>>> print(open('my_file.cif').read())   # mmCIF, C-alpha atoms
data_structure
loop_
_atom_site.label_atom_id
_atom_site.label_comp_id
_atom_site.auth_asym_id
_atom_site.auth_seq_id
_atom_site.Cartn_x
_atom_site.Cartn_y
_atom_site.Cartn_z
CA MET A 1 41.84 26.96 -49.73
CA ALA A 2 38.59 25.60 -48.41
CA SER A 3 35.72 27.96 -48.33
CA VAL A 4 32.64 27.90 -46.14
CA SER A 5 29.52 27.58 -48.17
CA SER A 6 27.24 30.52 -47.78
CA GLY A 7 24.19 28.56 -48.98
CA SER A 8 22.30 28.69 -45.68
CA ASP A 9 19.05 27.92 -47.53
CA ASP A 10 20.12 24.26 -47.71
CA VAL A 11 20.38 23.80 -43.92
CA GLU A 12 17.38 21.94 -42.47
CA LEU A 13 16.76 20.67 -38.95
CA ASN A 14 15.54 17.09 -38.98
CA MET A 15 12.67 16.97 -36.49
CA MET A 16 11.86 13.29 -36.88
CA PRO A 17 14.23 11.87 -34.21
CA MET A 18 12.93 14.44 -31.73
CA LEU A 19 9.34 13.50 -32.54
CA ASP A 20 10.20 9.83 -32.11
CA ILE A 21 11.60 10.51 -28.63
CA PHE A 22 8.58 12.65 -27.71
CA SER A 23 6.17 9.95 -28.85
CA ILE A 24 7.90 7.26 -26.82
CA LEU A 25 8.10 9.52 -23.75
CA ILE A 26 4.43 10.45 -23.96
CA THR A 27 3.39 6.82 -24.43
CA PHE A 28 5.38 5.85 -21.33
CA LEU A 29 4.06 8.75 -19.24
CA LEU A 30 0.46 8.15 -20.29
CA MET A 31 0.76 4.47 -19.42
CA SER A 32 2.17 5.24 -15.97
CA PHE A 33 -0.26 8.10 -15.35
CA SER A 34 -1.80 7.63 -11.94
CA THR A 35 -5.55 7.81 -11.51
CA ASP A 36 -5.34 7.07 -7.78
CA PRO A 37 -7.58 9.29 -5.62
CA VAL A 38 -4.60 10.65 -3.68
CA THR A 39 -1.35 11.80 -5.20
CA TYR A 40 1.22 11.74 -2.45
CA ALA A 41 4.98 11.82 -2.68
CA ALA A 42 6.68 9.67 -0.08
CA ASN A 43 9.15 11.47 2.19
CA ALA A 44 12.65 11.82 0.81
CA GLY A 45 15.17 9.42 2.28
CA MET A 46 12.49 7.08 3.45
CA GLU A 47 12.40 3.47 2.35
CA LEU A 48 8.84 2.20 2.18
CA PRO A 49 8.12 -1.50 2.64
CA GLU A 50 7.09 -3.22 -0.59
CA SER A 51 3.81 -5.00 -0.96
CA ILE A 52 1.72 -6.66 -3.64
CA THR A 53 -1.48 -5.15 -2.28
CA ILE A 54 -3.89 -3.70 -4.82
CA GLN A 55 -5.51 -1.31 -2.35
CA ALA A 56 -4.59 2.22 -3.36
CA LEU A 57 -3.70 4.97 -0.91
CA ASP A 58 -6.95 6.84 -0.25
CA GLU A 59 -5.79 9.52 2.18
CA GLU A 60 -2.55 11.21 3.12
CA PRO A 61 -0.81 9.58 6.08
CA ALA A 62 -1.47 11.29 9.41
CA ILE A 63 1.45 9.57 11.13
CA VAL A 64 4.82 9.77 9.38
CA VAL A 65 7.79 7.97 10.92
CA THR A 66 11.00 8.81 9.11
CA LYS A 67 14.42 7.50 10.11
CA LYS A 68 14.94 10.39 12.53
CA GLU A 69 11.60 11.88 13.55
CA LEU A 70 7.93 11.20 14.09
CA LYS A 71 5.38 13.62 12.67
CA ILE A 72 1.63 13.84 13.05
CA ASN A 73 -0.19 15.81 10.38
CA GLY A 74 3.14 17.37 9.38
CA LYS A 75 4.00 18.51 12.92
CA PRO A 76 7.18 17.01 14.43
CA VAL A 77 6.17 15.32 17.67
CA THR A 78 9.26 13.44 18.79
CA VAL A 79 12.63 12.26 17.55
CA ILE A 80 13.83 8.75 16.82
CA GLU A 81 17.14 7.76 18.39
CA ASN A 82 18.56 4.29 17.80
CA GLY A 83 15.21 3.09 16.47
CA ASP A 84 13.21 4.22 19.50
CA VAL A 85 11.81 7.38 21.06
CA PRO A 86 13.66 9.13 23.94
CA LEU A 87 12.88 7.85 27.42
CA LYS A 88 11.31 11.18 28.44
CA ASP A 89 8.54 10.72 25.83
CA GLN A 90 7.71 7.15 26.82
CA ALA A 91 4.74 6.39 29.05
CA GLN A 92 3.39 2.91 29.86
CA GLY A 93 4.81 1.47 26.65
CA ALA A 94 3.27 4.24 24.56
CA ILE A 95 4.54 7.65 23.42
CA PHE A 96 2.93 10.47 25.37
CA PRO A 97 3.28 13.32 22.81
CA VAL A 98 1.89 11.02 20.11
CA PHE A 99 -1.06 10.12 22.31
CA LYS A 100 -1.78 13.81 22.98
CA GLU A 101 -1.70 14.72 19.29
CA LEU A 102 -3.83 11.74 18.27
CA GLU A 103 -6.30 12.52 21.02
CA LYS A 104 -6.77 15.99 19.49
CA LEU A 105 -7.19 14.40 16.09
CA MET A 106 -9.81 11.99 17.40
CA GLU A 107 -11.72 14.87 19.00
CA ALA A 108 -11.75 16.63 15.64
CA ASN A 109 -12.89 13.42 13.93
CA LYS A 110 -15.66 12.97 16.45
CA ARG A 111 -16.86 16.54 15.97
CA ALA A 112 -16.93 16.00 12.21
CA MET A 113 -18.75 12.68 12.57
CA ARG A 114 -21.29 13.85 15.16
CA ARG A 115 -24.09 14.06 12.65
CA VAL A 116 -23.13 10.86 10.90
CA GLN A 117 -24.57 7.67 12.29
CA THR A 118 -23.59 4.94 9.82
CA ASP A 119 -21.29 2.12 10.94
CA LEU A 120 -18.93 2.74 8.03
CA ASP A 121 -18.32 6.31 9.12
CA LYS A 122 -17.79 5.22 12.72
CA VAL A 123 -15.10 2.79 11.51
CA LYS A 124 -13.54 5.57 9.44
CA ALA A 125 -13.30 7.80 12.51
CA GLY A 126 -11.15 5.16 14.24
CA THR A 127 -8.91 4.59 11.21
CA ILE A 128 -5.53 6.19 10.70
CA THR A 129 -2.93 5.98 7.92
CA MET A 130 0.72 5.55 8.84
CA GLU A 131 3.84 5.96 6.73
CA MET A 132 6.85 4.29 8.30
CA ASP A 133 10.37 3.45 7.21
CA ALA A 134 10.73 -0.21 6.28
CA ASN A 135 13.72 -0.71 8.56
CA HIS A 136 12.04 0.36 11.80
CA ARG A 137 11.46 -2.39 14.30
CA PHE A 138 8.10 -3.53 15.63
CA LYS A 139 9.05 -2.14 19.05
CA LEU A 140 8.56 1.40 17.74
CA MET A 141 5.50 0.47 15.71
CA LYS A 142 3.95 -1.09 18.81
CA ARG A 143 4.52 2.09 20.83
CA ILE A 144 2.80 4.17 18.14
CA MET A 145 -0.08 1.71 17.82
CA LEU A 146 -0.50 1.62 21.58
CA SER A 147 -0.60 5.43 21.72
CA ALA A 148 -3.18 5.40 18.93
CA GLN A 149 -5.22 2.72 20.68
CA GLN A 150 -5.44 4.92 23.78
CA ALA A 151 -6.68 7.73 21.55
CA GLU A 152 -9.33 5.28 20.17
CA PHE A 153 -7.70 4.61 16.79
CA VAL A 154 -7.90 0.85 16.25
CA ASN A 155 -7.71 0.44 12.47
CA PHE A 156 -4.42 1.13 10.75
CA LYS A 157 -3.58 1.61 7.11
CA LEU A 158 0.12 0.94 6.64
CA MET A 159 1.47 2.81 3.65
CA VAL A 160 3.50 0.64 1.28
CA ALA A 161 5.14 0.87 -2.11
CA LYS A 162 3.37 -1.37 -4.56
CA GLY A 163 5.73 -3.99 -5.93
CA ASP A 164 5.38 -6.94 -8.29
CA SER A 165 4.09 -10.27 -7.08
CA MET B 1 -0.32 13.75 -74.58
CA SER B 2 -3.08 14.27 -72.03
CA GLY B 3 -1.50 11.62 -69.72
CA LYS B 4 1.82 13.42 -69.78
CA LYS B 5 0.13 16.69 -68.86
CA LYS B 6 -1.62 15.14 -65.91
CA LYS B 7 1.64 13.65 -64.60
CA LYS B 8 3.38 16.99 -64.82
CA LYS B 9 0.60 18.71 -62.86
CA LEU B 10 0.75 16.11 -60.06
CA GLU B 11 4.51 16.42 -59.67
CA ILE B 12 4.21 20.18 -59.22
CA LYS B 13 1.46 19.74 -56.65
CA TYR B 14 3.41 17.31 -54.42
CA SER B 15 6.62 19.30 -54.41
CA ASP B 16 4.75 22.28 -52.93
CA ILE B 17 3.29 20.38 -49.95
CA ALA B 18 5.08 20.75 -46.65
CA LEU B 19 3.66 19.48 -43.36
CA ASN B 20 3.91 22.10 -40.64
CA ILE B 21 4.94 20.09 -37.61
CA ILE B 22 5.51 23.03 -35.28
CA PRO B 23 1.97 22.98 -33.73
CA PHE B 24 2.35 19.23 -33.33
CA ILE B 25 5.63 19.75 -31.43
CA ASP B 26 3.98 22.46 -29.31
CA VAL B 27 1.22 20.09 -28.24
CA PHE B 28 3.72 17.33 -27.54
CA SER B 29 5.87 19.68 -25.45
CA MET B 30 2.94 20.83 -23.36
CA LEU B 31 1.69 17.27 -22.87
CA THR B 32 5.15 16.03 -21.88
CA THR B 33 5.62 18.87 -19.40
CA PHE B 34 2.22 18.23 -17.80
CA LEU B 35 2.74 14.48 -17.58
CA LEU B 36 6.25 14.81 -16.18
CA MET B 37 5.07 17.25 -13.52
CA THR B 38 2.16 15.08 -12.43
CA ALA B 39 3.96 11.75 -12.70
CA VAL B 40 4.13 9.58 -9.59
CA PHE B 41 6.79 7.02 -10.20
CA THR B 42 6.22 5.06 -7.00
CA ALA B 43 2.73 3.60 -6.80
CA LEU B 44 1.57 3.77 -3.21
CA GLY B 45 -0.80 1.38 -1.56
CA ILE B 46 -2.06 0.42 1.87
CA ILE B 47 -2.35 -2.70 3.99
CA GLU B 48 -5.08 -2.60 6.60
CA VAL B 49 -4.50 -4.06 10.05
CA GLN B 50 -6.34 -3.85 13.32
CA ILE B 51 -5.23 -3.69 16.91
CA PRO B 52 -7.11 -5.25 19.80
CA PHE B 53 -9.17 -2.98 22.04
CA LEU B 54 -11.09 -3.33 25.24
CA THR B 55 -14.85 -3.27 24.93
CA THR B 56 -17.83 -3.67 27.22
CA ALA B 57 -19.85 -5.31 24.45
CA PRO B 58 -21.05 -8.89 25.12
CA PRO B 59 -18.84 -11.68 23.66
CA GLU B 60 -19.57 -12.82 20.12
CA LYS B 61 -21.49 -16.05 19.50
CA LYS B 62 -18.33 -17.38 17.88
CA ASP B 63 -17.05 -18.62 21.25
CA THR B 64 -19.77 -21.25 21.34
CA GLU B 65 -19.35 -22.35 17.72
CA ARG B 66 -16.62 -24.51 16.18
CA SER B 67 -14.41 -22.17 14.21
CA LEU B 68 -10.85 -22.03 12.92
CA ASP B 69 -8.38 -20.12 15.06
CA VAL B 70 -5.32 -18.97 13.07
CA LYS B 71 -2.26 -17.57 14.83
CA VAL B 72 0.92 -16.31 13.21
CA ASP B 73 3.99 -15.88 15.43
CA MET B 74 6.81 -13.73 14.09
CA GLU B 75 10.33 -13.75 15.45
CA LYS B 76 13.38 -12.13 13.90
CA ASP B 77 14.43 -15.31 12.10
CA TRP B 78 11.25 -17.28 11.67
CA VAL B 79 7.50 -17.22 11.25
CA GLU B 80 5.23 -19.94 12.65
CA VAL B 81 1.62 -20.52 11.74
CA THR B 82 -0.73 -22.46 13.99
CA ALA B 83 -4.22 -23.27 12.81
CA ALA B 84 -6.60 -25.23 15.01
CA PHE B 85 -10.34 -25.53 15.48
CA THR B 86 -11.77 -24.15 18.70
CA MET B 87 -13.66 -27.37 19.45
CA PRO B 88 -12.89 -31.09 18.93
CA PRO B 89 -11.76 -32.43 16.57
CA ILE B 90 -9.11 -29.72 16.81
CA ASN B 91 -7.10 -30.85 13.73
CA GLU B 92 -4.10 -28.67 14.53
CA ASN B 93 -1.94 -27.67 11.57
CA LYS B 94 1.38 -26.03 12.38
CA LYS B 95 4.36 -25.00 10.28
CA LYS B 96 7.52 -22.93 10.75
CA PHE B 97 9.23 -20.84 8.06
CA MET B 98 12.82 -19.60 8.34
CA THR B 99 13.16 -16.04 7.02
CA ASN B 100 16.70 -16.69 5.76
CA VAL B 101 15.20 -18.95 3.07
CA LYS B 102 14.69 -16.87 -0.08
CA THR B 103 11.18 -18.13 -0.79
CA TRP B 104 9.88 -18.06 2.79
CA ASP B 105 7.07 -15.63 2.00
CA LYS B 106 5.87 -17.68 -0.98
CA ASP B 107 6.01 -20.89 1.09
CA LEU B 108 4.09 -19.13 3.86
CA HIS B 109 1.43 -18.04 1.39
CA LYS B 110 1.06 -21.61 0.06
CA PHE B 111 0.57 -22.84 3.61
CA MET B 112 -2.00 -20.12 4.31
CA VAL B 113 -3.98 -21.35 1.28
CA GLU B 114 -3.92 -24.82 2.85
CA VAL B 115 -5.12 -23.33 6.14
CA LYS B 116 -7.94 -21.53 4.35
CA LYS B 117 -9.02 -24.88 2.87
CA MET B 118 -9.57 -26.16 6.43
CA ASP B 119 -12.36 -23.60 6.83
CA PRO B 120 -13.08 -21.41 3.79
CA THR B 121 -15.31 -19.15 5.90
CA ALA B 122 -12.44 -18.24 8.26
CA ASN B 123 -11.53 -14.61 7.71
CA SER B 124 -9.38 -13.56 10.63
CA VAL B 125 -5.76 -14.06 11.72
CA GLN B 126 -3.97 -13.01 14.89
CA LEU B 127 -0.42 -11.82 14.34
CA PHE B 128 1.99 -11.96 17.27
CA THR B 129 5.21 -10.10 16.58
CA GLU B 130 8.41 -9.82 18.56
CA ASP B 131 9.91 -6.36 19.16
CA ASP B 132 12.99 -6.86 16.96
CA VAL B 133 11.13 -7.79 13.75
CA ILE B 134 11.49 -5.10 11.09
CA LEU B 135 8.53 -3.61 9.23
CA LYS B 136 9.83 -4.95 5.90
CA ASN B 137 9.33 -8.53 7.11
CA ILE B 138 6.01 -7.73 8.78
CA THR B 139 4.73 -6.40 5.45
CA LYS B 140 5.88 -9.54 3.64
CA THR B 141 4.05 -11.67 6.20
CA LEU B 142 0.92 -9.55 5.90
CA ASP B 143 1.00 -9.96 2.11
CA ALA B 144 1.40 -13.73 2.41
CA VAL B 145 -1.34 -14.05 5.00
CA LYS B 146 -3.89 -11.53 3.78
CA LEU B 147 -3.92 -11.44 0.04
CA ARG B 148 -5.33 -13.92 -2.42
CA LEU B 149 -3.28 -14.26 -5.60
CA ASN B 150 -4.80 -14.83 -9.02
CA THR B 151 -3.18 -18.26 -9.07
CA ASP B 152 -4.94 -19.29 -5.85
CA GLN B 153 -8.25 -21.08 -5.91
CA GLN B 154 -11.45 -19.13 -5.33
CA PHE B 155 -12.97 -19.99 -1.97
CA PRO B 156 -16.74 -20.15 -1.54
CA VAL B 157 -18.47 -17.42 0.45
CA LYS B 158 -21.26 -17.80 2.97
CA ALA B 159 -24.77 -18.10 1.56
CA GLY B 160 -26.43 -14.69 1.23
CA ALA B 161 -23.15 -12.81 1.08
CA SER B 162 -23.34 -9.22 -0.17
CA PRO B 163 -21.57 -8.14 -3.39
CA GLY B 164 -18.98 -6.40 -1.20
CA GLN B 165 -18.25 -9.63 0.68
CA ILE B 166 -17.96 -11.54 -2.60
CA ALA B 167 -15.46 -8.95 -3.89
CA GLU B 168 -13.50 -9.21 -0.63
CA ALA B 169 -13.35 -13.00 -0.95
CA ARG B 170 -11.85 -12.56 -4.42
CA GLU B 171 -9.20 -10.18 -3.12
CA PHE B 172 -8.33 -11.54 0.30
CA LEU B 173 -7.46 -14.87 1.86
CA PHE B 174 -7.83 -13.60 5.42
CA LYS B 175 -9.08 -10.02 5.37
CA LYS B 176 -8.83 -9.25 9.06
CA VAL B 177 -5.37 -9.28 10.59
CA VAL B 178 -5.18 -8.32 14.25
CA MET B 179 -1.81 -7.20 15.57
CA ALA B 180 -2.35 -9.09 18.81
CA SER B 181 0.98 -8.05 20.37
CA VAL B 182 -0.31 -4.51 20.75
CA ILE B 183 -2.08 -4.69 24.08
CA LEU B 184 -2.00 -2.40 27.05
#
>>> encode(input="my_file.cif", output="structure tokens")
Amino acid sequence: MASVSSGSDDVELNMMPMLDIFSILITFLLMSFSTDPVTYAANAGMELPESITIQALDEEPAIVVTKKELKINGKPVTVIENGDVPLKDQAQGAIFPVFKELEKLMEANKRAMRRVQTDLDKVKAGTITMEMDANHRFKLMKRIMLSAQQAEFVNFKLMVAKGDS
Amino acid sequence: MSGKKKKKKLEIKYSDIALNIIPFIDVFSMLTTFLLMTAVFTALGIIEVQIPFLTTAPPEKKDTERSLDVKVDMEKDWVEVTAAFTMPPINENKKKFMTNVKTWDKDLHKFMVEVKKMDPTANSVQLFTEDDVILKNITKTLDAVKLRLNTDQQFPVKAGASPGQIAEAREFLFKKVVMASVIL
């Protein structure tokens, strides 16, 4: 009859494979550690367009256009139906609720920039970052840009996922 | 005799040594947890574009000087580049790229390098886009038009350029892209 050895003193956990895995994991994580000024997680379910640009994201996007809705500074402004905004929100090719929100944002920017006189800061006041799903058509993008133009935003930073060249 | 004694002593010494790896594992665990929590697996970037706007400012001197005018037309299935000087000799250079060709963006970029050779000081492109073009393709076009790759030649900058302008010339082919279709 086989007997179970009671010599528990001989049992030893081999830590080496675990340390190997830890070392490899830490090496990988340290190599991919981001030192970008802004750490921002793209919206779930959104496919960002890929680009080989080396310009890093320097501010969180103010305009976010997911597959189903359009948000400004986290506030839902309108919905997206069949790749466009509803007719009731459209005005002269632009999107009225977007224009109203961006107008408020520009007012806030202007108040903050009142004391600043440099050209660089003036350009910054008219710059806005936009995160948009890669499959949206230019028709929608044009409406948003037009709304922004009327609120005096003329420089756009399109958020992209950095890919390989 | 003395050699044997020494050997015996050493053997005893080594058998007693045990490396305590628990603190090492603790540090590794903490470091792994921190790095996993702060990891951003998708590197995010930006592409800058401009839209035209109405201004009461007087027109730039450029209108009276011979300069290179570069226009990129984007339709759903093709992209066409037209480069021509604003004054004679116009030397128009035009090419069309079908987006169903796998390497269309690379071919477009090669052509943009040729366009840049026509006037290395040219820095601006007007992009006309049709409504049904998707953002994915617009981004590809912007990459091909705007960015200078490491394999591309270095173009000279204007005399007296600032360090910032020199850095821009290293990074961009045509820095300023105006989305000309966005007009009121």
>>> atom_distance(input="my_file.cif", atom1="atom CA of Tyr40 of chain A", atom2="atom CA of Thr129 of chain B")
29.2 Å
>>> interface_residues(input="my_file.cif", of="chain B", to="chain A", cutoff="8 Å", atoms="all atoms listed in the file", output="PyMOL selection string")
chain B and resi 25+28-29+31-32+35-36+38-53+129-136+139-140+143+147+181-184
>>> resolve_selection(input="my_file.cif", expression="the PyMOL selection byres ((chain B and resi 101-117) around 7)", output="CSV table (one decimal) with C-alpha atoms, in the frame of the given file")
chain,number,residue,atom,x,y,z
B,83,ALA,CA,-4.2,-23.3,12.8
B,97,PHE,CA,9.2,-20.8,8.1
B,98,MET,CA,12.8,-19.6,8.3
B,99,THR,CA,13.2,-16.0,7.0
B,100,ASN,CA,16.7,-16.7,5.8
B,118,MET,CA,-9.6,-26.2,6.4
B,119,ASP,CA,-12.4,-23.6,6.8
B,120,PRO,CA,-13.1,-21.4,3.8
B,122,ALA,CA,-12.4,-18.2,8.3
B,140,LYS,CA,5.9,-9.5,3.6
B,141,THR,CA,4.0,-11.7,6.2
B,144,ALA,CA,1.4,-13.7,2.4
B,145,VAL,CA,-1.3,-14.0,5.0
>>> closest_residue(input="my_file.cif", among="A:Met46, A:Val11, A:Val98, A:Ala151", to="Lys75 of chain A", atoms="all atoms listed in the file")
A:Val98
>>> closest_residue(input="my_file.cif", among="B:Pro23, B:Gln165, B:Phe128, B:Ile17", to="Val70 of chain B", atoms="all atoms listed in the file")
B:Phe128
>>> residues_near_point(input="my_file.cif", point="(-14.8, -14.1, 11.7)", cutoff="12 Å", atoms="all atoms listed in the file", output="VMD selection string")
chain B and resid 60 to 63 65 to 70 119 to 126 158 174 to 178
